[in-house]
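Asks: One file: data29.cif (mmCIF, C-alpha atoms and all ligand atoms).
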data_final
loop_
_atom_site.label_atom_id
_atom_site.label_comp_id
_atom_site.auth_asym_id
_atom_site.auth_seq_id
_atom_site.Cartn_x
_atom_site.Cartn_y
_atom_site.Cartn_z
CA MET N 336 -45.00 -28.44 57.34
CA ALA N 337 -48.39 -26.86 56.72
CA GLY N 338 -48.51 -25.10 60.08
CA THR N 339 -51.29 -24.69 62.58
CA PHE N 340 -54.55 -22.91 61.90
CA ALA N 341 -53.24 -19.78 63.64
CA GLU N 342 -49.97 -19.77 61.71
CA ARG N 343 -51.70 -20.20 58.40
CA LEU N 344 -54.22 -17.48 59.20
CA VAL N 345 -51.51 -15.00 60.22
CA SER N 346 -49.58 -15.77 57.07
CA ALA N 347 -52.67 -15.42 54.82
CA ILE N 348 -53.67 -12.08 56.32
CA ALA N 349 -50.14 -10.72 55.99
CA SER N 350 -50.23 -10.90 52.20
CA THR N 351 -52.57 -11.55 49.26
CA HIS N 352 -55.79 -13.30 50.30
CA ALA N 353 -59.52 -13.48 49.61
CA VAL N 354 -62.03 -12.97 52.41
CA ILE N 355 -65.19 -15.04 52.00
CA ASP N 356 -68.20 -13.87 54.01
CA LEU N 357 -70.06 -17.11 54.69
CA ASP N 358 -72.87 -15.28 56.51
CA ALA N 359 -73.56 -13.23 53.37
CA TYR N 360 -73.52 -16.41 51.32
CA ALA N 361 -75.87 -18.21 53.74
CA SER N 362 -78.22 -15.25 53.72
CA ASN N 363 -78.24 -15.17 49.90
CA VAL N 364 -79.08 -18.88 49.82
CA GLN N 365 -82.00 -18.30 52.20
CA VAL N 366 -83.26 -15.25 50.34
CA MET N 367 -83.22 -17.10 47.02
CA ARG N 368 -84.77 -20.21 48.55
CA ASN N 369 -87.68 -18.14 49.92
CA ARG N 370 -88.21 -16.25 46.68
CA LEU N 371 -88.33 -19.48 44.71
CA ARG N 372 -90.57 -21.28 47.18
CA LYS N 373 -93.16 -18.51 46.86
CA ARG N 374 -93.37 -19.39 43.16
CA GLY N 375 -93.90 -23.08 43.68
CA SER N 376 -90.37 -24.31 43.26
CA GLU N 377 -90.00 -26.77 46.08
CA LEU N 378 -86.30 -27.46 45.76
CA MET N 379 -83.18 -25.41 45.13
CA MET N 380 -79.78 -26.49 43.92
CA ALA N 381 -76.83 -24.26 44.87
CA VAL N 382 -74.34 -24.37 42.02
CA VAL N 383 -70.78 -24.52 43.41
CA LYS N 384 -68.86 -25.53 40.27
CA ALA N 385 -65.38 -24.16 39.52
CA ASN N 386 -64.46 -23.85 43.20
CA ALA N 387 -67.74 -22.07 43.90
CA TYR N 388 -66.99 -19.43 41.24
CA GLY N 389 -63.66 -18.85 43.02
CA HIS N 390 -65.21 -18.58 46.48
CA GLY N 391 -64.11 -22.01 47.73
CA ALA N 392 -66.20 -25.10 46.95
CA VAL N 393 -66.07 -27.04 50.21
CA MET N 394 -66.95 -24.19 52.60
CA CYS N 395 -69.56 -22.73 50.26
CA ALA N 396 -71.15 -26.14 49.68
CA ARG N 397 -71.38 -26.81 53.42
CA THR N 398 -72.77 -23.35 54.07
CA ALA N 399 -75.33 -23.69 51.27
CA VAL N 400 -76.62 -27.00 52.61
CA ASP N 401 -76.80 -25.64 56.18
CA ALA N 402 -78.72 -22.62 54.86
CA GLY N 403 -81.32 -24.78 53.11
CA ALA N 404 -80.02 -25.74 49.66
CA ASP N 405 -81.42 -29.17 48.78
CA TRP N 406 -78.93 -30.06 46.09
CA LEU N 407 -75.42 -29.02 45.05
CA GLY N 408 -74.39 -28.59 41.42
CA VAL N 409 -70.88 -29.05 40.04
CA ALA N 410 -69.48 -29.45 36.53
CA ARG N 411 -67.24 -32.51 36.89
CA ILE N 412 -67.28 -35.76 38.84
CA GLU N 413 -63.93 -34.80 40.39
CA GLU N 414 -65.53 -31.74 41.97
CA ALA N 415 -68.30 -33.85 43.44
CA LEU N 416 -65.77 -36.35 44.82
CA LEU N 417 -63.91 -33.50 46.54
CA LEU N 418 -67.13 -32.49 48.33
CA ARG N 419 -67.80 -36.10 49.35
CA ASP N 420 -64.20 -36.39 50.63
CA HIS N 421 -65.00 -33.46 52.92
CA GLY N 422 -68.01 -35.19 54.39
CA ILE N 423 -70.73 -33.43 52.41
CA THR N 424 -73.65 -35.85 52.10
CA ALA N 425 -76.26 -33.70 50.28
CA PRO N 426 -77.35 -34.80 46.79
CA ILE N 427 -74.85 -33.62 44.15
CA LEU N 428 -75.49 -33.35 40.43
CA VAL N 429 -72.68 -33.23 37.87
CA LEU N 430 -73.96 -30.78 35.24
CA GLY N 431 -71.40 -31.30 32.49
CA PRO N 432 -70.38 -34.11 30.11
CA LEU N 433 -69.09 -36.97 32.17
CA ASN N 434 -65.75 -38.68 32.39
CA PRO N 435 -66.57 -42.38 31.74
CA THR N 436 -63.65 -43.61 33.83
CA LEU N 437 -65.09 -41.96 36.96
CA VAL N 438 -68.60 -43.36 36.59
CA THR N 439 -67.94 -46.24 38.99
CA ARG N 440 -66.68 -43.86 41.66
CA ALA N 441 -69.64 -41.56 41.07
CA ALA N 442 -72.02 -44.48 41.72
CA GLN N 443 -70.14 -45.58 44.82
CA ASN N 444 -70.20 -42.04 46.20
CA ASP N 445 -73.87 -41.39 45.52
CA ILE N 446 -73.13 -38.73 42.92
CA THR N 447 -75.78 -38.04 40.29
CA VAL N 448 -74.51 -37.54 36.73
CA THR N 449 -76.06 -36.05 33.62
CA ILE N 450 -76.79 -37.89 30.42
CA GLY N 451 -76.71 -35.16 27.80
CA SER N 452 -75.96 -37.11 24.65
CA PRO N 453 -77.48 -40.25 23.10
CA ASP N 454 -74.06 -41.91 22.84
CA THR N 455 -73.01 -41.67 26.47
CA LEU N 456 -74.80 -44.76 27.77
CA ASP N 457 -72.92 -46.99 25.31
CA ARG N 458 -69.68 -45.32 26.16
CA ILE N 459 -70.02 -45.88 29.90
CA GLN N 460 -71.17 -49.54 29.64
CA PRO N 461 -67.77 -51.07 30.55
CA PHE N 462 -67.66 -48.87 33.66
CA LEU N 463 -71.26 -49.59 34.65
CA ALA N 464 -70.30 -53.26 34.68
CA GLN N 465 -67.79 -52.49 37.47
CA ILE N 466 -70.38 -50.96 39.77
CA PRO N 467 -70.89 -53.22 42.82
CA ASP N 468 -74.11 -55.24 42.97
CA ASP N 469 -75.95 -53.22 45.60
CA THR N 470 -75.18 -49.86 43.93
CA MET N 471 -76.61 -47.96 40.97
CA LEU N 472 -75.62 -44.90 39.01
CA ASP N 473 -78.14 -42.12 39.56
CA VAL N 474 -78.70 -40.06 36.39
CA HIS N 475 -80.62 -37.02 35.25
CA LEU N 476 -81.44 -36.60 31.58
CA LYS N 477 -80.71 -33.20 30.10
CA ILE N 478 -82.78 -31.91 27.20
CA ASP N 479 -81.30 -29.45 24.72
CA SER N 480 -84.25 -27.09 24.38
CA GLY N 481 -82.32 -24.56 22.30
CA MET N 482 -79.01 -23.60 23.89
CA HIS N 483 -77.23 -26.23 21.75
CA ARG N 484 -74.48 -26.93 24.21
CA PHE N 485 -75.19 -30.09 26.19
CA GLY N 486 -78.33 -32.19 26.22
CA VAL N 487 -80.23 -34.61 24.04
CA HIS N 488 -82.42 -33.27 21.27
CA PRO N 489 -86.15 -33.38 22.12
CA HIS N 490 -86.65 -35.90 19.28
CA GLU N 491 -84.15 -38.26 20.87
CA ALA N 492 -85.45 -37.85 24.39
CA SER N 493 -87.85 -40.77 24.59
CA ASP N 494 -85.39 -43.27 23.10
CA VAL N 495 -82.64 -42.19 25.48
CA ALA N 496 -85.04 -42.13 28.45
CA ARG N 497 -86.22 -45.67 27.63
CA ASP N 498 -82.62 -46.92 27.38
CA LEU N 499 -81.86 -45.34 30.75
CA GLN N 500 -84.90 -46.94 32.31
CA GLU N 501 -84.00 -50.37 30.93
CA GLU N 502 -80.39 -50.23 32.07
CA PRO N 503 -80.18 -52.26 35.30
CA LYS N 504 -77.21 -50.34 36.69
CA VAL N 505 -78.88 -46.95 36.16
CA ARG N 506 -81.51 -45.14 38.24
CA TYR N 507 -83.10 -42.47 36.03
CA SER N 508 -84.42 -39.85 38.47
CA GLY N 509 -84.46 -36.36 36.98
CA LEU N 510 -85.10 -34.39 33.81
CA TYR N 511 -83.82 -30.91 33.07
CA THR N 512 -82.82 -28.20 30.64
CA HIS N 513 -80.77 -24.98 30.60
CA PHE N 514 -81.68 -21.55 29.24
CA ALA N 515 -79.42 -19.67 26.82
CA THR N 516 -80.79 -16.14 27.10
CA ALA N 517 -82.24 -15.76 30.60
CA ASP N 518 -79.91 -12.82 31.30
CA ASP N 519 -81.23 -10.96 28.27
CA GLY N 520 -83.85 -8.22 28.51
CA ASP N 521 -85.93 -9.89 25.80
CA ASP N 522 -87.57 -13.07 27.06
CA SER N 523 -88.95 -14.43 23.78
CA PHE N 524 -86.32 -17.15 23.41
CA LEU N 525 -86.55 -17.98 27.10
CA ASN N 526 -90.27 -18.61 26.63
CA GLU N 527 -89.56 -20.63 23.52
CA GLN N 528 -87.20 -22.87 25.50
CA ILE N 529 -89.72 -23.24 28.33
CA SER N 530 -92.37 -24.40 25.87
CA ARG N 531 -90.04 -26.80 24.05
CA PHE N 532 -88.98 -28.32 27.36
CA THR N 533 -92.56 -28.54 28.59
CA GLU N 534 -93.63 -30.28 25.37
CA THR N 535 -90.82 -32.79 25.77
CA VAL N 536 -91.80 -33.54 29.36
CA MET N 537 -95.44 -33.94 28.28
CA GLU N 538 -94.41 -36.40 25.56
CA LEU N 539 -92.37 -38.47 27.99
CA MET N 540 -94.96 -38.48 30.76
CA PRO N 541 -97.64 -40.80 29.26
CA GLU N 542 -94.94 -43.33 28.42
CA GLY N 543 -93.80 -43.33 32.03
CA LEU N 544 -90.50 -41.81 30.96
CA ALA N 545 -90.65 -38.59 32.98
CA PRO N 546 -89.31 -38.88 36.53
CA SER N 547 -90.97 -36.77 39.22
CA LEU N 548 -88.08 -34.29 39.57
CA ILE N 549 -87.59 -31.66 36.88
CA HIS N 550 -85.33 -28.64 37.02
CA VAL N 551 -84.54 -25.47 35.09
CA SER N 552 -83.16 -21.96 35.50
CA ASN N 553 -79.86 -20.38 36.35
CA SER N 554 -79.61 -17.22 38.49
CA ALA N 555 -80.97 -14.92 35.81
CA ALA N 556 -84.13 -16.96 35.28
CA SER N 557 -84.46 -17.38 39.06
CA ILE N 558 -84.27 -13.63 39.64
CA ARG N 559 -86.64 -12.87 36.77
CA GLU N 560 -89.07 -15.38 38.13
CA ALA N 561 -89.37 -17.20 34.83
CA GLN N 562 -92.64 -19.06 35.25
CA LEU N 563 -93.18 -22.67 34.30
CA PRO N 564 -96.61 -23.57 32.94
CA ASP N 565 -99.21 -25.12 35.25
CA VAL N 566 -99.15 -28.44 33.39
CA LEU N 567 -95.81 -29.05 35.09
CA SER N 568 -97.24 -28.58 38.58
CA PRO N 569 -97.55 -32.35 39.24
CA PHE N 570 -93.74 -32.46 39.15
CA THR N 571 -91.30 -31.50 41.88
CA ILE N 572 -89.67 -28.39 40.47
CA MET N 573 -86.13 -27.34 41.28
CA TYR N 574 -84.20 -24.18 40.31
CA ARG N 575 -80.42 -24.04 39.97
CA PRO N 576 -78.92 -20.64 40.81
CA GLY N 577 -75.16 -20.15 41.12
CA LEU N 578 -73.89 -16.63 40.53
CA ALA N 579 -76.63 -14.77 42.44
CA LEU N 580 -75.80 -16.70 45.60
CA TYR N 581 -72.38 -15.00 45.52
CA GLY N 582 -74.14 -11.64 45.39
CA MET N 583 -73.32 -10.88 41.76
CA SER N 584 -75.61 -9.65 38.96
CA PRO N 585 -76.25 -12.00 36.05
CA SER N 586 -76.13 -9.05 33.63
CA GLY N 587 -76.94 -5.37 33.20
CA ASP N 588 -80.47 -6.38 32.17
CA VAL N 589 -80.88 -8.62 35.20
CA PRO N 590 -79.32 -6.84 38.18
CA ILE N 591 -79.10 -8.59 41.50
CA PRO N 592 -81.86 -7.47 43.91
CA ASN N 593 -80.83 -5.46 46.97
CA GLU N 594 -81.47 -8.26 49.42
CA PHE N 595 -78.41 -10.12 48.15
CA HIS N 596 -74.93 -9.32 49.47
CA ARG N 597 -71.47 -9.74 48.05
CA VAL N 598 -69.42 -12.57 49.43
CA LEU N 599 -65.85 -12.06 48.22
CA THR N 600 -63.22 -9.39 48.88
CA LEU N 601 -59.76 -9.83 47.35
CA LYS N 602 -57.00 -8.12 49.30
CA THR N 603 -53.27 -7.71 49.32
CA ARG N 604 -50.68 -5.42 50.98
CA LEU N 605 -48.18 -2.88 49.79
CA GLY N 606 -44.86 -4.68 49.33
CA ARG N 607 -42.79 -1.66 48.33
CA VAL N 608 -43.45 2.07 48.43
CA PHE N 609 -41.32 4.19 46.10
CA ARG N 610 -41.17 7.39 44.10
CA LEU N 611 -41.25 7.37 40.34
CA GLU N 612 -39.63 10.46 38.83
CA LYS N 613 -41.09 12.32 35.89
CA GLY N 614 -40.26 10.46 32.66
CA GLU N 615 -39.54 7.11 34.33
CA GLY N 616 -41.41 4.01 33.16
CA VAL N 617 -42.97 1.13 35.13
CA SER N 618 -43.01 -2.66 34.78
CA TYR N 619 -42.36 -4.80 31.67
CA GLY N 620 -42.19 -2.73 28.52
CA LEU N 621 -42.31 0.51 30.56
CA THR N 622 -45.81 1.02 29.15
CA HIS N 623 -46.65 3.67 31.76
CA VAL N 624 -44.37 6.69 31.98
CA ALA N 625 -44.78 9.13 34.88
CA LYS N 626 -46.00 12.57 33.78
CA HIS N 627 -44.98 13.95 37.17
CA PRO N 628 -43.20 12.56 40.22
CA THR N 629 -45.50 9.83 41.57
CA ILE N 630 -45.57 7.78 44.76
CA CYS N 631 -46.07 4.16 43.73
CA GLY N 632 -46.76 0.89 45.50
CA THR N 633 -45.84 -2.60 44.40
CA VAL N 634 -48.27 -5.33 45.44
CA PRO N 635 -47.78 -9.12 45.38
CA ILE N 636 -50.60 -10.11 43.06
CA GLY N 637 -50.52 -10.88 39.35
CA TYR N 638 -51.98 -13.09 36.67
CA GLY N 639 -50.42 -16.05 38.52
CA ASP N 640 -53.09 -15.34 41.13
CA GLY N 641 -55.85 -14.72 38.62
CA LEU N 642 -55.56 -10.95 38.23
CA ASP N 643 -56.20 -10.54 34.52
CA ARG N 644 -53.28 -9.08 32.59
CA HIS N 645 -55.70 -7.01 30.52
CA LEU N 646 -56.14 -4.85 33.63
CA SER N 647 -52.66 -3.44 32.87
CA ASN N 648 -53.00 0.38 32.83
CA ARG N 649 -56.80 -0.03 33.17
CA GLY N 650 -57.83 -1.43 36.52
CA TRP N 651 -57.49 0.10 39.94
CA MET N 652 -57.19 -0.85 43.59
CA SER N 653 -58.26 0.88 46.78
CA VAL N 654 -55.85 1.95 49.53
CA LYS N 655 -57.23 3.80 52.57
CA GLY N 656 -60.39 4.48 50.56
CA ARG N 657 -58.51 6.10 47.66
CA ARG N 658 -58.70 4.92 44.09
CA CYS N 659 -55.20 3.82 42.99
CA PRO N 660 -54.81 3.07 39.27
CA ILE N 661 -52.84 0.05 38.10
CA ILE N 662 -49.88 1.49 36.21
CA GLY N 663 -47.83 -0.53 33.74
CA ARG N 664 -48.32 -4.19 33.00
CA VAL N 665 -49.72 -6.75 35.39
CA CYS N 666 -46.90 -9.29 35.84
CA MET N 667 -47.25 -12.94 36.88
CA ASP N 668 -46.79 -12.18 40.57
CA GLN N 669 -46.69 -8.43 41.02
CA VAL N 670 -48.18 -5.19 39.84
CA VAL N 671 -47.58 -1.52 40.54
CA ILE N 672 -50.28 0.98 41.54
CA ASP N 673 -50.24 4.76 41.72
CA ILE N 674 -50.71 5.66 45.40
CA ASN N 675 -49.99 9.35 45.01
CA ASN N 676 -53.34 10.30 46.57
CA VAL N 677 -52.94 8.07 49.61
CA SER N 678 -51.88 9.86 52.76
CA GLN N 679 -48.73 8.46 54.33
CA PRO N 680 -48.68 5.10 52.57
CA GLU N 681 -46.46 2.50 54.16
CA GLU N 682 -45.26 -0.94 53.25
CA GLY N 683 -47.76 -3.45 54.71
CA ASP N 684 -50.82 -1.21 54.24
CA GLU N 685 -53.94 -3.06 53.15
CA VAL N 686 -54.90 -2.90 49.45
CA ILE N 687 -58.35 -3.95 48.21
CA VAL N 688 -58.10 -5.48 44.75
CA ILE N 689 -61.74 -6.56 44.29
CA GLY N 690 -64.48 -5.26 46.56
CA ASP N 691 -68.12 -4.24 46.74
CA GLY N 692 -67.62 -0.84 45.10
CA ARG N 693 -67.61 1.12 48.34
CA SER N 694 -64.44 3.02 49.31
CA ASN N 695 -63.47 3.26 45.65
CA THR N 696 -63.02 -0.47 45.30
CA MET N 697 -63.20 -2.15 41.90
CA THR N 698 -66.08 -4.64 41.69
CA PRO N 699 -65.99 -7.82 39.59
CA GLU N 700 -68.38 -6.00 37.22
CA ASP N 701 -65.97 -3.02 36.96
CA ALA N 702 -63.08 -5.35 36.20
CA ALA N 703 -65.17 -7.31 33.69
CA ALA N 704 -66.17 -4.12 31.87
CA LYS N 705 -62.53 -3.04 31.62
CA ILE N 706 -61.34 -6.28 30.11
CA GLY N 707 -64.32 -7.36 28.03
CA THR N 708 -65.60 -10.29 30.03
CA ILE N 709 -68.26 -11.08 32.65
CA ASN N 710 -68.14 -10.95 36.47
CA TYR N 711 -68.30 -14.78 36.54
CA GLU N 712 -64.84 -15.00 35.03
CA VAL N 713 -63.30 -12.37 37.33
CA THR N 714 -63.94 -14.28 40.57
CA THR N 715 -63.61 -17.75 39.05
CA ALA N 716 -60.14 -16.78 37.83
CA ILE N 717 -58.80 -16.40 41.39
CA LEU N 718 -56.35 -19.28 41.65
CA PRO N 719 -55.56 -21.64 44.55
CA ARG N 720 -52.33 -19.73 45.31
CA VAL N 721 -54.55 -17.06 46.89
CA PRO N 722 -55.47 -18.24 50.40
CA ARG N 723 -59.18 -18.01 51.24
CA ILE N 724 -60.14 -16.82 54.71
CA TYR N 725 -63.69 -17.85 55.65
CA MET N 726 -65.58 -15.57 58.03
CA SER N 727 -68.72 -16.18 60.04
CA TYR N 728 -70.06 -14.02 62.86
CA GLU N 729 -67.01 -11.78 62.50
CA ASP N 730 -64.74 -14.66 63.30
CA VAL N 731 -62.46 -16.65 61.02
CA VAL N 732 -63.83 -20.19 60.82
CA ALA N 733 -61.46 -21.68 58.26
CA VAL N 734 -58.44 -20.97 56.10
CA GLU N 735 -57.71 -22.64 52.76
CA ASP N 736 -54.30 -22.34 51.17
CA LEU N 737 -52.01 -24.46 48.99
CA ASN N 738 -51.83 -26.97 51.86
CA GLY N 739 -55.59 -27.44 51.85
CA LEU N 740 -58.45 -26.48 54.11
CA VAL N 741 -57.96 -26.04 57.86
CA GLU N 742 -60.81 -25.22 60.19
CA LYS N 743 -60.62 -23.29 63.42
CA PRO N 744 -59.90 -25.78 66.21
C1 LIG O 1 -73.62 -22.92 35.76
C2 LIG O 1 -74.95 -23.50 35.62
C3 LIG O 1 -76.02 -23.02 36.39
C4 LIG O 1 -75.90 -21.81 37.29
O1 LIG O 1 -75.79 -20.65 36.49
P1 LIG O 1 -75.70 -19.18 37.12
O2 LIG O 1 -75.82 -18.27 35.96
O3 LIG O 1 -74.38 -19.09 37.79
O4 LIG O 1 -76.81 -19.07 38.09
C5 LIG O 1 -77.23 -23.70 36.30
N1 LIG O 1 -77.39 -24.76 35.47
C6 LIG O 1 -76.38 -25.23 34.69
C7 LIG O 1 -76.62 -26.38 33.79
C8 LIG O 1 -75.13 -24.60 34.73
O5 LIG O 1 -74.15 -25.06 33.95
#
Have the structure of the file written as structure tokens, please.

Replies:
Amino acid sequence: MAGTFAERLVSAIASTHAVIDLDAYASNVQVMRNRLRKRGSELMMAVVKANAYGHGAVMCARTAVDAGADWLGVARIEEALLLRDHGITAPILVLGPLNPTLVTRAAQNDITVTIGSPDTLDRIQPFLAQIPDDTMLDVHLKIDSGMHRFGVHPHEASDVARDLQEEPKVRYSGLYTHFATADDGDDSFLNEQISRFTETVMELMPEGLAPSLIHVSNSAASIREAQLPDVLSPFTIMYRPGLALYGMSPSGDVPIPNEFHRVLTLKTRLGRVFRLEKGEGVSYGLTHVAKHPTICGTVPIGYGDGLDRHLSNRGWMSVKGRRCPIIGRVCMDQVVIDINNVSQPEEGDEVIVIGDGRSNTMTPEDAAAKIGTINYEVTTAILPRVPRIYMSYEDVVAVEDLNGLVEKP
């Protein structure tokens, strides 16, 4: 039913699809790895949660590991299991609160989970009991150094760490924290968090409660080269970038350096070319009314694919290098663009929905600015209905659609 690789590729290219440049991604991983290594961070985790921010978790995870990432980061145990099911053997850390019922499977699949609350160990006890004799659950302890999202309070850290160490089914092997304001121009709170975390580590160390691996820093802190104090140099330090590896800027204050390249292009094709007469309206509610006769194109992409409905009458697409405004409302599966400035548009012509900004394409940052969100959400929103086409060395190496991932034979 699913079709061969070639059939699925032809079908994906013929309509809405996302092109993922794995060479750009690999290069970004290497660039970041080298930058971090120069500052004494021995290890790097590539964060591939939420389907690799929309870029496709399995192919990005594989590429990251091949390009030198030491660890992979995901948010849920299910995401880690998916990577294991696809043969990825690199260490994986689950960054978010854990699902107790999946703890046994996490242990059996060598997946590291986070303890970020003092109550979790009690809650997972019945599931720890089901872990086979020769297996343990690997855990990292997360400290809440000021973001107040997930992590144990510094005052609770030594009690929780001791419980973890005394639990026979648990191997306590890492200690970490997360910064709340690393993408901000002002680094005072970032420094505050670094010192709170450092103090906590220093309190745990003499009691033998600090494992040798400690990690910090998202993309923003990685790019800004947030520096850990020298007292932490006996530890193995790891950084955890996600967004930057996809070539996107953490914020206006922390732009992505030039050496990084964008990875994703979202494309579709004109599905109808027609003329709107002066005074005629477009799409639900007829919220756009033509001021003059306008050549329009309908494209098969909508909020059912992850194109935000707030882009109605605000966003734009690029056809033959021309900027083509979205007119009327974005529907679930379709939207209409003004292609009046495109020379000889025809049904089937390529339309770039999200690009790198060249040729009048709308970037994730452009879209985010229009709808009041961040670039993270724009790419992460791209749903599984949109096939991903993975490129390497100008060749398609894999296609992923609703039937799953298929690699080039
Ligand atoms: C998402 C996440 C990261 C990566 O953040 P980016 O801003 O994408 O680099 C790192 N650490 C934790 C705990 C996260 O949740």

Asks: Using all atoms listed in the file, find all polymer residues with an atom at most 10 Å away from the point (-69.6, -44.2, 46.3); report them as a list of chain:residue names.

Replies: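 Answer for this query, in the requested form: N:Leu416, N:Arg419, N:Val438, N:Thr439, N:Arg440, N:Ala441, N:Ala442, N:Gln443, N:Asn444, N:Asp445, N:Ile446, N:Ile466, N:Pro467, N:Thr470, N:Met471, N:Leu472.
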
Asks: Name the residues, by chain letter and number, that sit within 6 Å of ligand LIG 1 (chain O) using only C-alpha atoms and all ligand atoms, and give them as JSON, numbers by chain.

Replies: {"N": [382, 430, 513, 553, 554, 575, 576, 577, 578]}

Asks: Env of range 357-360 of chain N: 6 Å cut, atoms = only C-alpha atoms, seq-sep filter 4 positions within chain, self excluded. Answer as an mmCIF file with C-alpha atoms, in the frame of the given file.

Replies:
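result.cif was written with the following content:
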data_model
loop_
_atom_site.group_PDB
_atom_site.id
_atom_site.type_symbol
_atom_site.label_atom_id
_atom_site.label_comp_id
_atom_site.auth_asym_id
_atom_site.auth_seq_id
_atom_site.Cartn_x
_atom_site.Cartn_y
_atom_site.Cartn_z
ATOM 1 C CA HIS N 596 -74.930 -9.320 49.470
ATOM 2 C CA VAL N 598 -69.420 -12.570 49.430
ATOM 3 C CA MET N 726 -65.580 -15.570 58.030
ATOM 4 C CA SER N 727 -68.720 -16.180 60.040
#

Asks: Show which residues sit within 8 Å of range 655-670 of chain N, as a PyMOL selection string. Count all atoms listed in the file, and ignore same-chain residues fewer than 6 positions away.

Replies: chain N and resi 616-623+633-640+642-649+676-677+685-686+694-696

Asks: Which residue, N:Arg597, N:Lys477, N:His390, N:His627, has the smallest gap to Asn363 in chain N when you use only C-alpha atoms?

Replies: N:Arg597

Asks: So that I can see what lies close to Asp736 in chain N, please list as a ChimeraX atom specification the residues with an atom at most 9 Å from it, counting all atoms listed in the file and leaving out residues fewer than 2 positions away in the same chain.

Replies: /N:343,347,719-724,734,738-741

Asks: Go ahead and save the residues from that selection, with C-alpha atoms, as a PDB file, in the coordinates of the input.

Replies:
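See out.pdb below for the written result:
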ATOM      1  CA  ARG N 343     -51.700 -20.200  58.400  1.00  0.00           C
ATOM      2  CA  ALA N 347     -52.670 -15.420  54.820  1.00  0.00           C
ATOM      3  CA  PRO N 719     -55.560 -21.640  44.550  1.00  0.00           C
ATOM      4  CA  ARG N 720     -52.330 -19.730  45.310  1.00  0.00           C
ATOM      5  CA  VAL N 721     -54.550 -17.060  46.890  1.00  0.00           C
ATOM      6  CA  PRO N 722     -55.470 -18.240  50.400  1.00  0.00           C
ATOM      7  CA  ARG N 723     -59.180 -18.010  51.240  1.00  0.00           C
ATOM      8  CA  ILE N 724     -60.140 -16.820  54.710  1.00  0.00           C
ATOM      9  CA  VAL N 734     -58.440 -20.970  56.100  1.00  0.00           C
ATOM     10  CA  ASN N 738     -51.830 -26.970  51.860  1.00  0.00           C
ATOM     11  CA  GLY N 739     -55.590 -27.440  51.850  1.00  0.00           C
ATOM     12  CA  LEU N 740     -58.450 -26.480  54.110  1.00  0.00           C
ATOM     13  CA  VAL N 741     -57.960 -26.040  57.860  1.00  0.00           C
TER      14      VAL N 741
END

Asks: Find the residues around range 484-499 of chain N up to 7 Å (only C-alpha atoms counted), leave out those fewer than 3 positions away in its own chain, and share them as a ChimeraX atom specification.

Replies: /N:451-453,477-480,502,505,507,535,539,544

Asks: What does the structure give for the distance between CA of Pro592 in chain N and CA of Ala410 in chain N, in Å to one decimal?

Replies: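 CA of Pro592 in chain N sits 26.3 Å away from CA of Ala410 in chain N.
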
Asks: Do you know which residues lie at most 9 Å from (-79.0, -6.9, 33.1), with coordinates as in the file and all atoms listed in the file counted, and could you write them as a count of residues only?

Replies: 12

Asks: With all atoms listed in the file as the basis for distance, which of N:Cys631, N:Val448, N:Ile355, N:Val393 is at the shortest distance from Gly606 in chain N?

Replies: N:Cys631

Asks: Which of these residues is nearest to Thr449 in chain N, using all atoms listed in the file: N:Ala464, N:Ile630, N:Met482, N:Val409?

Replies: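 Ranking N:Ala464, N:Ile630, N:Met482, N:Val409 by distance to Thr449 in chain N, first place goes to N:Val409.
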
Asks: Using all atoms listed in the file, which residues sit within 10 Å of Lys626 in chain N once same-chain residues fewer than 2 positions away are excluded, as a ChimeraX atom specification?

Replies: /N:611-616,623-624,628-629

Asks: Have a look at CA of Val688 in chain N and CA of Ala703 in chain N and let me know their distance in Å, one decimal.

Replies: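 According to the coordinates, CA of Val688 in chain N and CA of Ala703 in chain N are separated by 13.3 Å.
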
Asks: Return the single residue from N:Ala387, N:Ile427, N:Val551, N:Val354 that is closest to Ala404 in chain N, with distances computed using all atoms listed in the file.

Replies: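 Between N:Ala387, N:Ile427, N:Val551, N:Val354, the residue approaching Ala404 in chain N most closely is N:Ile427.
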
Asks: Would you please work out which residue, of N:Thr447, N:Ser547, N:Thr516, N:Thr603, is nearest to Met652 in chain N when using only C-alpha atoms?

Replies: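 Between N:Thr447, N:Ser547, N:Thr516, N:Thr603, the residue approaching Met652 in chain N most closely is N:Thr603.
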
Asks: Could you give me the axis-aligned bounding box of range 675-690 of chain N, with 4 Å of padding per side, as centre plus edge lengths in Å to one decimal, as AutoDock Vina command-line options?

Replies:
--center_x -54.9 --center_y 1.9 --center_z 49.5 --size_x 27.2 --size_y 24.9 --size_z 18.4
